[in-house]
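Enquirer: Just passing along the structure, written as structure tokens.
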Amino acid sequence: MELFFEAFAWLLDPAHWEGRGSIPQRIGEQLYFTFLAMAVASAIAIPLGWLIGHTGRGRDIAVAITGAARALPSFGLLFLFVLLAGVLNREPSTIFVLVLLAIPPILAGAYSGLEAIDRRVIDAARAVGMTEWQILWKVEVPLGLQLLISGLRSATLQVVATVVLVAFVGLGGLGYEIVQGIALRRYDQMLGSAILIIVLALLLDAIFALLERYAVPRGVRAGRTPDVRTTSSGRRATADTSATT
């Protein structure tokens, strides 16, 4: 328990919030690698996933690739590409590895969102004369957005956790304080950095959870019947009374 108090004391020390190598700088480095990798991975995986989900072609290949990519060891992969590319190319190699790790969940979310749509909805859109492009943008993308955001959420959490490892190749981030703490045997610094990483991951998860909740189109939300199990007893009683009259 004493170690937790020491970790919070390290976090609240004003000296760690100012100047070079401060906590805000480390958080900024952590978010920089996370958002850059997510942006590149999204630009690749989302259009490809929509193409697979709309046409139905290449799904088996995509499932095989995403399944295999999720089994890749991130730590070993990071060191492998840094050694192959050279120390001077550490940052591009790191971004490349993070993008590889982020693509599978985003790709799965993109094509799964379109596959989950009732085919009768697509047939109805074609029946009223909508083009394939209009079906994709006005029907499939809005209805599949929730699963896409779920994929983005999973990828973001995986990437922000993996960015901790970039400190081992000298690129900073919140993992730097852990690496330095191991060398100096500063357990309060290590635990404080771990707490920051957890809080950052939880904040990002909460943001995506909120986006995922409101990604459902308004018309779909309005058409859903409320779950009787989640309504209050007063509302259930009113509903039962009105049903018997």
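Chain labels run A, B, ... following the order of the structure tokens; each chain numbers its residues from 1, and ligands are numbered from 1 in the order shown.
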Skip segment 53-56 of chain A itself and residues of its chain fewer than 2 positions away, then list as a list in words all residues within 7 Å of it, counting only C-alpha atoms.

Expert: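 Residues near the query, excluding close chain neighbours: Gly49, Trp50, Leu51, Gly58, Arg59, Tyr111, Ser112, Leu114 and Glu115 of chain A.
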
Enquirer: Quick one: residues within 12 Å of segment 178-192 of chain A, only C-alpha atoms, excluding same-chain residues fewer than 4 positions away - as a count of residues only?

Expert: 32

Enquirer: So what do you get for atom CA of Leu203 of chain A versus atom CA of Pro142 of chain A, distance-wise?

Expert: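 Pair atom CA of Leu203 of chain A / atom CA of Pro142 of chain A returns 25.0 Å.
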
Enquirer: My list of candidates is A:Leu98, A:Leu157, A:Thr162, A:Leu152. Which is closest to Leu211 of chain A when distances are computed with only C-alpha atoms?

Expert: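 Checking each candidate against Leu211 of chain A, we get A:Leu152 as the closest.
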
Enquirer: Any idea what the distance is between atom CA of Ser74 of chain A and atom CA of Leu145 of chain A?

Expert: 27.9 Å

Enquirer: So the first atom is atom CA of Gln30 of chain A and the second is atom CA of Ile106 of chain A; what is the distance between them in Å, to one decimal place?

Expert: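 Pair atom CA of Gln30 of chain A / atom CA of Ile106 of chain A returns 20.0 Å.
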
Enquirer: For the alpha helix (DSSP H) assignment from backbone DSSP, which residues of segment 81-165 of chain A qualify? Please present them as a VMD selection string.

Expert: chain A and resid 81 to 85 90 to 115 119 to 127 132 to 135 141 to 162

Enquirer: Do you know which residues are at most 10 Å from Ala102 of chain A counting only C-alpha atoms, after dropping those on the same chain fewer than 5 positions away, and could you put them as a list in words?

Expert: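 My reading of the contact set: Thr34, Ala37, Met38, Ala39, Val40, Ala41, Ser42, Ala45, Thr66, Ala69, Arg70, Phe96, Val97, Leu107, Gly151, Leu152, Ser154, Ala155, Thr156, Leu157, Gln158 and Val159 of chain A.
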
Enquirer: Calculated over only C-alpha atoms, which of the candidates A:Phe79, A:Ile52, A:Gly175, A:Phe35 has the smallest distance to Val99 of chain A?

Expert: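 Distance minimum relative to Val99 of chain A lands on A:Phe35.
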
Enquirer: Here is a test: counting only C-alpha atoms, which residue of A:Ser193, A:Ser93, A:Ser22, A:Thr131 is nearest to Phe81 of chain A?

Expert: A:Ser93

Enquirer: List the neighbours of Val139 of chain A out to 12 Å using only C-alpha atoms; skip same-chain residues closer than 2 positions along the sequence, and give me the result as a compact mmCIF listing (two decimals) with C-alpha atoms, in the first residue's frame.

Expert:
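selection.txt, written as the output of this step:
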# COMPACT_ATOMS: atom_id res chain seq x y z
CA HIS A 54 -20.32 -4.44 -50.00
CA GLY A 113 -20.66 -3.84 -39.99
CA LEU A 114 -21.81 -4.12 -43.60
CA ILE A 117 -27.12 -5.48 -42.30
CA ASP A 118 -30.31 -7.30 -43.23
CA ARG A 119 -30.12 -8.12 -46.95
CA ARG A 120 -33.76 -7.10 -47.32
CA VAL A 121 -32.74 -3.53 -46.57
CA ILE A 122 -30.20 -3.61 -49.41
CA ASP A 123 -32.74 -5.17 -51.76
CA ALA A 124 -35.24 -2.44 -50.87
CA ALA A 125 -32.66 0.24 -51.63
CA ARG A 126 -31.97 -1.29 -55.03
CA MET A 130 -30.46 3.66 -55.69
CA THR A 131 -27.07 3.11 -57.28
CA GLU A 132 -24.43 0.92 -55.68
CA TRP A 133 -22.53 4.02 -54.56
CA GLN A 134 -25.69 5.48 -52.98
CA ILE A 135 -26.44 2.16 -51.26
CA LEU A 136 -22.95 2.11 -49.79
CA TRP A 137 -22.92 5.69 -48.49
CA VAL A 141 -22.10 2.89 -44.03
CA PRO A 142 -24.56 4.51 -41.56
CA LEU A 143 -25.99 1.14 -40.50
CA GLY A 144 -22.55 -0.46 -40.16
CA LEU A 145 -20.97 2.47 -38.33
CA PRO A 217 -28.88 6.14 -36.80
CA GLY A 219 -34.37 6.19 -37.17
CA VAL A 220 -33.02 2.81 -36.06

Enquirer: Hey, what's within 9 Å of segment 207-209 of chain A if we count only C-alpha atoms and toss same-chain stuff fewer than 5 positions away? As a list in words, please?

Expert: Ile149, Ser150, Leu152, Arg153, Leu202 and Tyr214 of chain A
